[in-house]
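S.K.: Next up, input_33.pdb (PDB, C-alpha atoms, pLDDT in the B column).
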```pdb
MODEL        1
ATOM      1  CA  MET A   1      -4.875  13.766  27.472  1.00 48.00           C
ATOM      2  CA  LEU A   2      -6.956  11.794  25.009  1.00 59.00           C
ATOM      3  CA  GLY A   3      -9.276  10.194  27.500  1.00 51.00           C
ATOM      4  CA  THR A   4     -10.482   6.641  27.002  1.00 50.00           C
ATOM      5  CA  GLN A   5     -10.519   4.807  23.701  1.00 49.00           C
ATOM      6  CA  ARG A   6     -14.315   5.065  23.737  1.00 53.00           C
ATOM      7  CA  ASP A   7     -13.935   8.835  23.358  1.00 88.00           C
ATOM      8  CA  ILE A   8     -12.302   8.380  19.941  1.00 94.00           C
ATOM      9  CA  ASP A   9     -14.537   7.390  17.029  1.00 95.00           C
ATOM     10  CA  SER A  10     -12.085   7.824  14.146  1.00 97.00           C
ATOM     11  CA  ILE A  11      -8.425   8.275  13.191  1.00 98.00           C
ATOM     12  CA  ILE A  12      -7.223  10.437  10.298  1.00 98.00           C
ATOM     13  CA  PHE A  13      -3.665   9.784   9.125  1.00 98.00           C
ATOM     14  CA  ASP A  14      -1.032  11.764   7.348  1.00 98.00           C
ATOM     15  CA  LEU A  15       0.772   9.541   4.806  1.00 98.00           C
ATOM     16  CA  ASP A  16       4.468  10.333   4.259  1.00 96.00           C
ATOM     17  CA  GLY A  17       6.423   9.941   7.482  1.00 95.00           C
ATOM     18  CA  THR A  18       3.408   8.419   9.215  1.00 98.00           C
ATOM     19  CA  LEU A  19       2.348   5.329   7.246  1.00 98.00           C
ATOM     20  CA  TRP A  20       5.323   4.862   4.915  1.00 97.00           C
ATOM     21  CA  ASP A  21       8.678   6.329   3.908  1.00 96.00           C
ATOM     22  CA  ALA A  22       8.724   6.870   0.142  1.00 96.00           C
ATOM     23  CA  THR A  23      11.551   9.424   0.063  1.00 95.00           C
ATOM     24  CA  LYS A  24      13.966   7.143  -1.797  1.00 96.00           C
ATOM     25  CA  GLU A  25      11.424   6.252  -4.471  1.00 97.00           C
ATOM     26  CA  ILE A  26      10.104   9.800  -4.865  1.00 96.00           C
ATOM     27  CA  ALA A  27      13.637  11.201  -5.095  1.00 95.00           C
ATOM     28  CA  ASN A  28      14.484   8.644  -7.777  1.00 96.00           C
ATOM     29  CA  SER A  29      11.355   9.346  -9.817  1.00 96.00           C
ATOM     30  CA  TRP A  30      11.651  13.133  -9.578  1.00 95.00           C
ATOM     31  CA  SER A  31      15.332  12.973 -10.517  1.00 94.00           C
ATOM     32  CA  GLU A  32      14.440  11.025 -13.647  1.00 93.00           C
ATOM     33  CA  VAL A  33      12.038  13.781 -14.675  1.00 93.00           C
ATOM     34  CA  LEU A  34      14.366  16.688 -13.872  1.00 91.00           C
ATOM     35  CA  ILE A  35      17.492  15.169 -15.392  1.00 89.00           C
ATOM     36  CA  LYS A  36      15.649  14.867 -18.708  1.00 87.00           C
ATOM     37  CA  ASN A  37      14.887  18.589 -18.689  1.00 79.00           C
ATOM     38  CA  ARG A  38      17.720  20.325 -20.554  1.00 70.00           C
ATOM     39  CA  ASN A  39      17.116  23.567 -18.636  1.00 73.00           C
ATOM     40  CA  ILE A  40      17.251  21.949 -15.175  1.00 77.00           C
ATOM     41  CA  ILE A  41      19.359  18.743 -15.108  1.00 72.00           C
ATOM     42  CA  LYS A  42      18.939  18.458 -11.330  1.00 80.00           C
ATOM     43  CA  GLU A  43      19.080  15.354  -9.160  1.00 87.00           C
ATOM     44  CA  ILE A  44      16.983  15.233  -5.992  1.00 91.00           C
ATOM     45  CA  THR A  45      18.464  13.520  -2.928  1.00 92.00           C
ATOM     46  CA  GLU A  46      16.542  11.806  -0.136  1.00 92.00           C
ATOM     47  CA  ASP A  47      17.832  14.311   2.427  1.00 91.00           C
ATOM     48  CA  GLU A  48      16.682  17.250   0.312  1.00 92.00           C
ATOM     49  CA  LEU A  49      13.271  15.676  -0.192  1.00 91.00           C
ATOM     50  CA  LYS A  50      12.806  15.017   3.537  1.00 88.00           C
ATOM     51  CA  GLY A  51      13.118  18.757   4.083  1.00 87.00           C
ATOM     52  CA  TYR A  52      10.091  19.297   1.849  1.00 89.00           C
ATOM     53  CA  MET A  53       7.819  16.707   3.437  1.00 84.00           C
ATOM     54  CA  GLY A  54       4.514  18.109   4.609  1.00 80.00           C
ATOM     55  CA  LEU A  55       4.478  20.970   2.108  1.00 86.00           C
ATOM     56  CA  ARG A  56       2.056  21.279  -0.792  1.00 87.00           C
ATOM     57  CA  LEU A  57       3.538  20.506  -4.197  1.00 88.00           C
ATOM     58  CA  GLU A  58       3.573  24.110  -5.395  1.00 89.00           C
ATOM     59  CA  ASP A  59       5.481  25.124  -2.240  1.00 91.00           C
ATOM     60  CA  ILE A  60       7.950  22.275  -2.777  1.00 92.00           C
ATOM     61  CA  ALA A  61       8.488  23.445  -6.358  1.00 91.00           C
ATOM     62  CA  GLU A  62       9.276  26.970  -5.177  1.00 92.00           C
ATOM     63  CA  LYS A  63      11.894  25.722  -2.703  1.00 91.00           C
ATOM     64  CA  MET A  64      13.322  23.065  -5.002  1.00 90.00           C
ATOM     65  CA  LEU A  65      13.551  25.217  -8.145  1.00 89.00           C
ATOM     66  CA  PRO A  66      13.841  28.824  -6.919  1.00 90.00           C
ATOM     67  CA  ASP A  67      15.527  30.041 -10.111  1.00 87.00           C
ATOM     68  CA  VAL A  68      12.845  28.648 -12.418  1.00 88.00           C
ATOM     69  CA  ASP A  69       9.859  30.824 -13.281  1.00 89.00           C
ATOM     70  CA  LYS A  70       6.591  29.947 -11.570  1.00 91.00           C
ATOM     71  CA  GLU A  71       4.762  28.620 -14.610  1.00 91.00           C
ATOM     72  CA  GLU A  72       7.609  26.325 -15.619  1.00 89.00           C
ATOM     73  CA  ARG A  73       8.270  24.947 -12.131  1.00 89.00           C
ATOM     74  CA  GLU A  74       4.568  24.255 -11.524  1.00 89.00           C
ATOM     75  CA  LYS A  75       4.472  22.394 -14.821  1.00 91.00           C
ATOM     76  CA  LEU A  76       7.540  20.391 -13.781  1.00 91.00           C
ATOM     77  CA  ILE A  77       6.230  19.525 -10.310  1.00 92.00           C
ATOM     78  CA  LYS A  78       2.988  18.252 -11.854  1.00 92.00           C
ATOM     79  CA  GLU A  79       5.037  16.081 -14.191  1.00 93.00           C
ATOM     80  CA  CYS A  80       7.071  14.844 -11.221  1.00 94.00           C
ATOM     81  CA  GLY A  81       3.904  13.976  -9.310  1.00 93.00           C
ATOM     82  CA  LYS A  82       2.380  12.167 -12.251  1.00 95.00           C
ATOM     83  CA  TYR A  83       5.489  10.051 -12.848  1.00 96.00           C
ATOM     84  CA  GLU A  84       5.882   9.476  -9.100  1.00 96.00           C
ATOM     85  CA  ASN A  85       2.513   7.694  -9.043  1.00 96.00           C
ATOM     86  CA  VAL A  86       3.601   5.469 -11.939  1.00 97.00           C
ATOM     87  CA  TYR A  87       6.935   4.709 -10.239  1.00 97.00           C
ATOM     88  CA  LEU A  88       5.344   3.852  -6.882  1.00 97.00           C
ATOM     89  CA  LYS A  89       2.735   1.607  -8.487  1.00 96.00           C
ATOM     90  CA  LYS A  90       5.650  -0.435  -9.788  1.00 96.00           C
ATOM     91  CA  TYR A  91       8.084  -0.339  -6.857  1.00 96.00           C
ATOM     92  CA  GLY A  92       6.073   0.614  -3.778  1.00 97.00           C
ATOM     93  CA  ALA A  93       7.891   2.064  -0.743  1.00 97.00           C
ATOM     94  CA  LYS A  94       8.933   1.211   2.812  1.00 97.00           C
ATOM     95  CA  LEU A  95       6.076   0.735   5.265  1.00 98.00           C
ATOM     96  CA  TYR A  96       6.742   1.525   8.911  1.00 97.00           C
ATOM     97  CA  ASP A  97       6.937  -1.406  11.313  1.00 96.00           C
ATOM     98  CA  LYS A  98       3.760  -3.337  12.097  1.00 97.00           C
ATOM     99  CA  ILE A  99       1.586  -1.133   9.888  1.00 97.00           C
ATOM    100  CA  GLU A 100      -0.665  -3.836   8.477  1.00 97.00           C
ATOM    101  CA  GLU A 101      -1.266  -5.777  11.685  1.00 98.00           C
ATOM    102  CA  THR A 102      -1.968  -2.509  13.523  1.00 98.00           C
ATOM    103  CA  LEU A 103      -4.366  -1.242  10.851  1.00 98.00           C
ATOM    104  CA  ASP A 104      -6.130  -4.610  10.908  1.00 98.00           C
ATOM    105  CA  ARG A 105      -6.891  -4.117  14.601  1.00 98.00           C
ATOM    106  CA  LEU A 106      -7.620  -0.404  14.442  1.00 98.00           C
ATOM    107  CA  TYR A 107     -10.183  -0.514  11.629  1.00 97.00           C
ATOM    108  CA  LYS A 108     -12.308  -2.947  13.628  1.00 96.00           C
ATOM    109  CA  LYS A 109     -12.685  -0.298  16.351  1.00 95.00           C
ATOM    110  CA  TYR A 110     -12.402   3.025  14.540  1.00 97.00           C
ATOM    111  CA  LYS A 111     -13.192   4.597  11.191  1.00 98.00           C
ATOM    112  CA  LEU A 112      -9.867   5.225   9.423  1.00 98.00           C
ATOM    113  CA  PHE A 113      -9.028   7.984   6.923  1.00 98.00           C
ATOM    114  CA  ILE A 114      -6.060   9.625   5.180  1.00 98.00           C
ATOM    115  CA  VAL A 115      -5.445  13.337   4.566  1.00 98.00           C
ATOM    116  CA  SER A 116      -2.124  14.147   2.914  1.00 97.00           C
ATOM    117  CA  ASN A 117      -0.591  17.110   1.059  1.00 95.00           C
ATOM    118  CA  CYS A 118      -0.106  15.282  -2.218  1.00 94.00           C
ATOM    119  CA  GLN A 119      -1.183  15.063  -5.830  1.00 94.00           C
ATOM    120  CA  ASP A 120      -4.316  13.275  -6.982  1.00 96.00           C
ATOM    121  CA  GLY A 121      -3.650   9.562  -7.305  1.00 96.00           C
ATOM    122  CA  TYR A 122      -0.902   9.325  -4.666  1.00 97.00           C
ATOM    123  CA  ILE A 123      -3.092   8.067  -1.814  1.00 98.00           C
ATOM    124  CA  GLU A 124      -4.802   5.658  -4.203  1.00 98.00           C
ATOM    125  CA  THR A 125      -1.383   4.320  -5.233  1.00 97.00           C
ATOM    126  CA  PHE A 126      -0.458   3.726  -1.585  1.00 98.00           C
ATOM    127  CA  LEU A 127      -3.732   1.930  -0.889  1.00 98.00           C
ATOM    128  CA  GLU A 128      -3.689  -0.215  -4.015  1.00 97.00           C
ATOM    129  CA  TYR A 129      -0.018  -1.229  -3.934  1.00 97.00           C
ATOM    130  CA  ASN A 130      -0.295  -2.386  -0.310  1.00 98.00           C
ATOM    131  CA  SER A 131      -3.848  -3.793  -0.605  1.00 98.00           C
ATOM    132  CA  PHE A 132      -4.982  -1.433   2.168  1.00 98.00           C
ATOM    133  CA  CYS A 133      -8.235  -0.219   0.589  1.00 98.00           C
ATOM    134  CA  LYS A 134     -10.333  -2.258   3.010  1.00 98.00           C
ATOM    135  CA  TYR A 135      -8.941  -0.413   6.021  1.00 98.00           C
ATOM    136  CA  PHE A 136      -9.827   3.153   5.004  1.00 98.00           C
ATOM    137  CA  LYS A 137     -13.272   4.646   4.502  1.00 98.00           C
ATOM    138  CA  ASP A 138     -12.272   7.905   2.811  1.00 98.00           C
ATOM    139  CA  PHE A 139      -9.307  10.159   1.973  1.00 98.00           C
ATOM    140  CA  GLU A 140      -8.561  13.647   0.723  1.00 98.00           C
ATOM    141  CA  CYS A 141      -5.715  15.736  -0.679  1.00 97.00           C
ATOM    142  CA  PRO A 142      -5.114  19.175  -2.253  1.00 95.00           C
ATOM    143  CA  GLY A 143      -4.556  17.463  -5.603  1.00 94.00           C
ATOM    144  CA  ARG A 144      -8.329  16.909  -5.672  1.00 96.00           C
ATOM    145  CA  THR A 145      -9.617  19.910  -3.717  1.00 97.00           C
ATOM    146  CA  ASN A 146      -6.900  22.575  -4.036  1.00 95.00           C
ATOM    147  CA  LEU A 147      -7.445  23.210  -0.318  1.00 97.00           C
ATOM    148  CA  PRO A 148      -4.947  23.309   2.593  1.00 96.00           C
ATOM    149  CA  LYS A 149      -4.636  20.302   4.882  1.00 97.00           C
ATOM    150  CA  SER A 150      -6.767  21.829   7.643  1.00 98.00           C
ATOM    151  CA  GLU A 151      -9.688  22.266   5.239  1.00 98.00           C
ATOM    152  CA  ASN A 152      -9.264  18.751   3.871  1.00 98.00           C
ATOM    153  CA  ILE A 153      -9.389  17.399   7.427  1.00 98.00           C
ATOM    154  CA  LYS A 154     -12.624  19.331   7.927  1.00 98.00           C
ATOM    155  CA  LEU A 155     -14.029  17.842   4.702  1.00 98.00           C
ATOM    156  CA  ILE A 156     -13.341  14.327   5.976  1.00 98.00           C
ATOM    157  CA  VAL A 157     -14.862  15.123   9.373  1.00 98.00           C
ATOM    158  CA  ASN A 158     -18.007  16.690   7.928  1.00 98.00           C
ATOM    159  CA  ARG A 159     -18.827  14.297   5.110  1.00 97.00           C
ATOM    160  CA  ASN A 160     -18.277  11.268   7.353  1.00 98.00           C
ATOM    161  CA  ASN A 161     -20.106  12.785  10.341  1.00 97.00           C
ATOM    162  CA  LEU A 162     -17.173  12.221  12.690  1.00 97.00           C
ATOM    163  CA  LYS A 163     -17.737  13.176  16.319  1.00 96.00           C
ATOM    164  CA  ASN A 164     -14.367  12.691  18.004  1.00 96.00           C
ATOM    165  CA  PRO A 165     -11.545  12.186  15.489  1.00 97.00           C
ATOM    166  CA  ILE A 166      -7.807  12.388  16.062  1.00 98.00           C
ATOM    167  CA  TYR A 167      -5.177  13.272  13.450  1.00 98.00           C
ATOM    168  CA  VAL A 168      -1.862  11.402  13.347  1.00 98.00           C
ATOM    169  CA  GLY A 169       1.075  13.113  11.641  1.00 98.00           C
ATOM    170  CA  ASP A 170       4.806  13.649  11.894  1.00 97.00           C
ATOM    171  CA  THR A 171       5.431  17.385  11.416  1.00 95.00           C
ATOM    172  CA  HIS A 172       4.714  20.711  13.090  1.00 95.00           C
ATOM    173  CA  MET A 173       2.600  21.602  10.050  1.00 95.00           C
ATOM    174  CA  ASP A 174       0.459  18.518  10.651  1.00 97.00           C
ATOM    175  CA  GLY A 175      -0.176  19.699  14.194  1.00 97.00           C
ATOM    176  CA  GLU A 176      -1.112  23.181  13.011  1.00 97.00           C
ATOM    177  CA  ALA A 177      -3.515  21.758  10.439  1.00 98.00           C
ATOM    178  CA  ALA A 178      -5.164  19.537  13.036  1.00 98.00           C
ATOM    179  CA  ARG A 179      -5.612  22.438  15.459  1.00 98.00           C
ATOM    180  CA  LYS A 180      -7.101  24.666  12.740  1.00 98.00           C
ATOM    181  CA  ALA A 181      -9.528  21.853  11.957  1.00 98.00           C
ATOM    182  CA  GLY A 182     -10.445  21.472  15.630  1.00 97.00           C
ATOM    183  CA  VAL A 183      -9.017  17.954  15.838  1.00 97.00           C
ATOM    184  CA  ARG A 184      -6.663  16.538  18.477  1.00 97.00           C
ATOM    185  CA  PHE A 185      -3.146  15.790  17.246  1.00 98.00           C
ATOM    186  CA  ILE A 186      -1.033  12.671  17.772  1.00 98.00           C
ATOM    187  CA  PHE A 187       2.632  13.288  16.937  1.00 98.00           C
ATOM    188  CA  ALA A 188       4.377  10.375  15.173  1.00 98.00           C
ATOM    189  CA  ARG A 189       7.882  11.052  16.482  1.00 97.00           C
ATOM    190  CA  TYR A 190       9.380   8.273  14.354  1.00 97.00           C
ATOM    191  CA  GLY A 191       8.671  10.256  11.137  1.00 95.00           C
ATOM    192  CA  PHE A 192      10.408  13.138   9.376  1.00 93.00           C
ATOM    193  CA  GLY A 193       9.581  16.223  11.418  1.00 91.00           C
ATOM    194  CA  SER A 194       9.500  17.599  14.943  1.00 92.00           C
ATOM    195  CA  THR A 195       7.122  19.576  17.125  1.00 95.00           C
ATOM    196  CA  LYS A 196       6.532  20.318  20.789  1.00 94.00           C
ATOM    197  CA  GLU A 197       2.809  20.901  20.407  1.00 95.00           C
ATOM    198  CA  TYR A 198       0.683  17.774  20.494  1.00 97.00           C
ATOM    199  CA  ASN A 199      -1.970  16.013  22.547  1.00 96.00           C
ATOM    200  CA  HIS A 200      -0.071  12.737  22.592  1.00 96.00           C
ATOM    201  CA  VAL A 201       3.125  11.318  21.100  1.00 97.00           C
ATOM    202  CA  ILE A 202       3.953   7.872  19.699  1.00 98.00           C
ATOM    203  CA  ASP A 203       7.372   6.415  18.890  1.00 98.00           C
ATOM    204  CA  SER A 204       6.052   3.544  16.796  1.00 98.00           C
ATOM    205  CA  PHE A 205       2.886   3.034  14.772  1.00 98.00           C
ATOM    206  CA  SER A 206       1.676   0.129  16.899  1.00 98.00           C
ATOM    207  CA  GLU A 207       1.519   2.398  19.980  1.00 97.00           C
ATOM    208  CA  LEU A 208      -1.793   3.657  18.581  1.00 97.00           C
ATOM    209  CA  LEU A 209      -3.314   0.460  19.931  1.00 96.00           C
ATOM    210  CA  TYR A 210      -2.591   1.583  23.494  1.00 91.00           C
ATOM    211  CA  LEU A 211      -3.625   5.241  23.586  1.00 79.00           C
TER     212      LEU A 211
ENDMDL
END
```
Write out the structure in this file as structure tokens.

M.R.:
Amino acid sequence: MLGTQRDIDSIIFDLDGTLWDATKEIANSWSEVLIKNRNIIKEITEDELKGYMGLRLEDIAEKMLPDVDKEEREKLIKECGKYENVYLKKYGAKLYDKIEETLDRLYKKYKLFIVSNCQDGYIETFLEYNSFCKYFKDFECPGRTNLPKSENIKLIVNRNNLKNPIYVGDTHMDGEAARKAGVRFIFARYGFGSTKEYNHVIDSFSELLYL
């Protein structure tokens, strides 16, 4: 159990599958990059991409391009990530229901943060496209730190002096990262993944208002 709302001083969010669904846009942007490569010519589907959600980019590259040598695939995934940011700045992606009105209420009570396994610039793109900068105090990702999600959660906790944070994510890996960081885990069951290990579960984003 999470106890009373007064026990919680902050909420750290995963991004993909928790705050928005950008699989269509990411698949489109990555496909554009890979189709142009005469040695690959591969199109990425939304279903394939959903299977990679929650992984770090280098791990996605290994699964997505297993027959390509490591140096080349890491170069390609960096190019995909760079173009993805450009694409999303132009087109945005699908926010989950009642995100903005819920964030507007949450940030008045709690300090809000984002920790996602993504490239540098991705979280900034999300915040800027949706005009959400005012809601979040800080964020972190392996694209800036080259650290796993659990360590990035710890960075957010330590540099913001958080006493009783919770982490909200949609995959088993999110739960593992939260536990390694010593943070309670809220499972967003409406997202991409599944897990049986969590402190609390929500079926819509707005349920966070009633923990």

S.K.: Return the single residue from A:Gly51, A:Gly92, A:Gly121, A:Pro165 that is closest to Arg184 in chain A, with distances computed using only C-alpha atoms.

M.R.: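 The answer is A:Pro165, which sits nearest to Arg184 in chain A.
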
S.K.: Carefully work through the PyMOL selection byres ((chain A and resi 85) around 12) for this structure and note down the residues it includes, as an NGL selection string.

M.R.: :A and (22 or 25-26 or 29-30 or 78-84 or 86-93 or 118-129)

S.K.: Hey, which of A:Asn152, A:Asn28, A:Ser131, A:Thr102 ends up closest to Ile114 in chain A? Count all atoms listed in the file.

M.R.: A:Asn152

S.K.: Give me, please, the distance in Å between CA of Leu15 in chain A and CA of Asn160 in chain A, quoted to one decimal.

M.R.: 19.3 Å

S.K.: Provide the CA of Asn130 in chain A to CA of Leu19 in chain A distance in Å, to one decimal place.

M.R.: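 The value is 11.1 Å.
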
S.K.: I'd like the residues picked by the PyMOL selection byres ((chain A and resi 11) around 10) written out as a list in words, using the chain letters and numbers from the file.

M.R.: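 That expression, the PyMOL selection byres ((chain A and resi 11) around 10), corresponds here to Ile8, Asp9, Ser10, Ile12, Phe13, Leu106, Tyr107, Tyr110, Lys111, Leu112, Phe113, Ile114, Phe136, Leu162, Asn164, Pro165, Ile166, Tyr167, Val168, Arg184, Ile186 and Leu208 of chain A.
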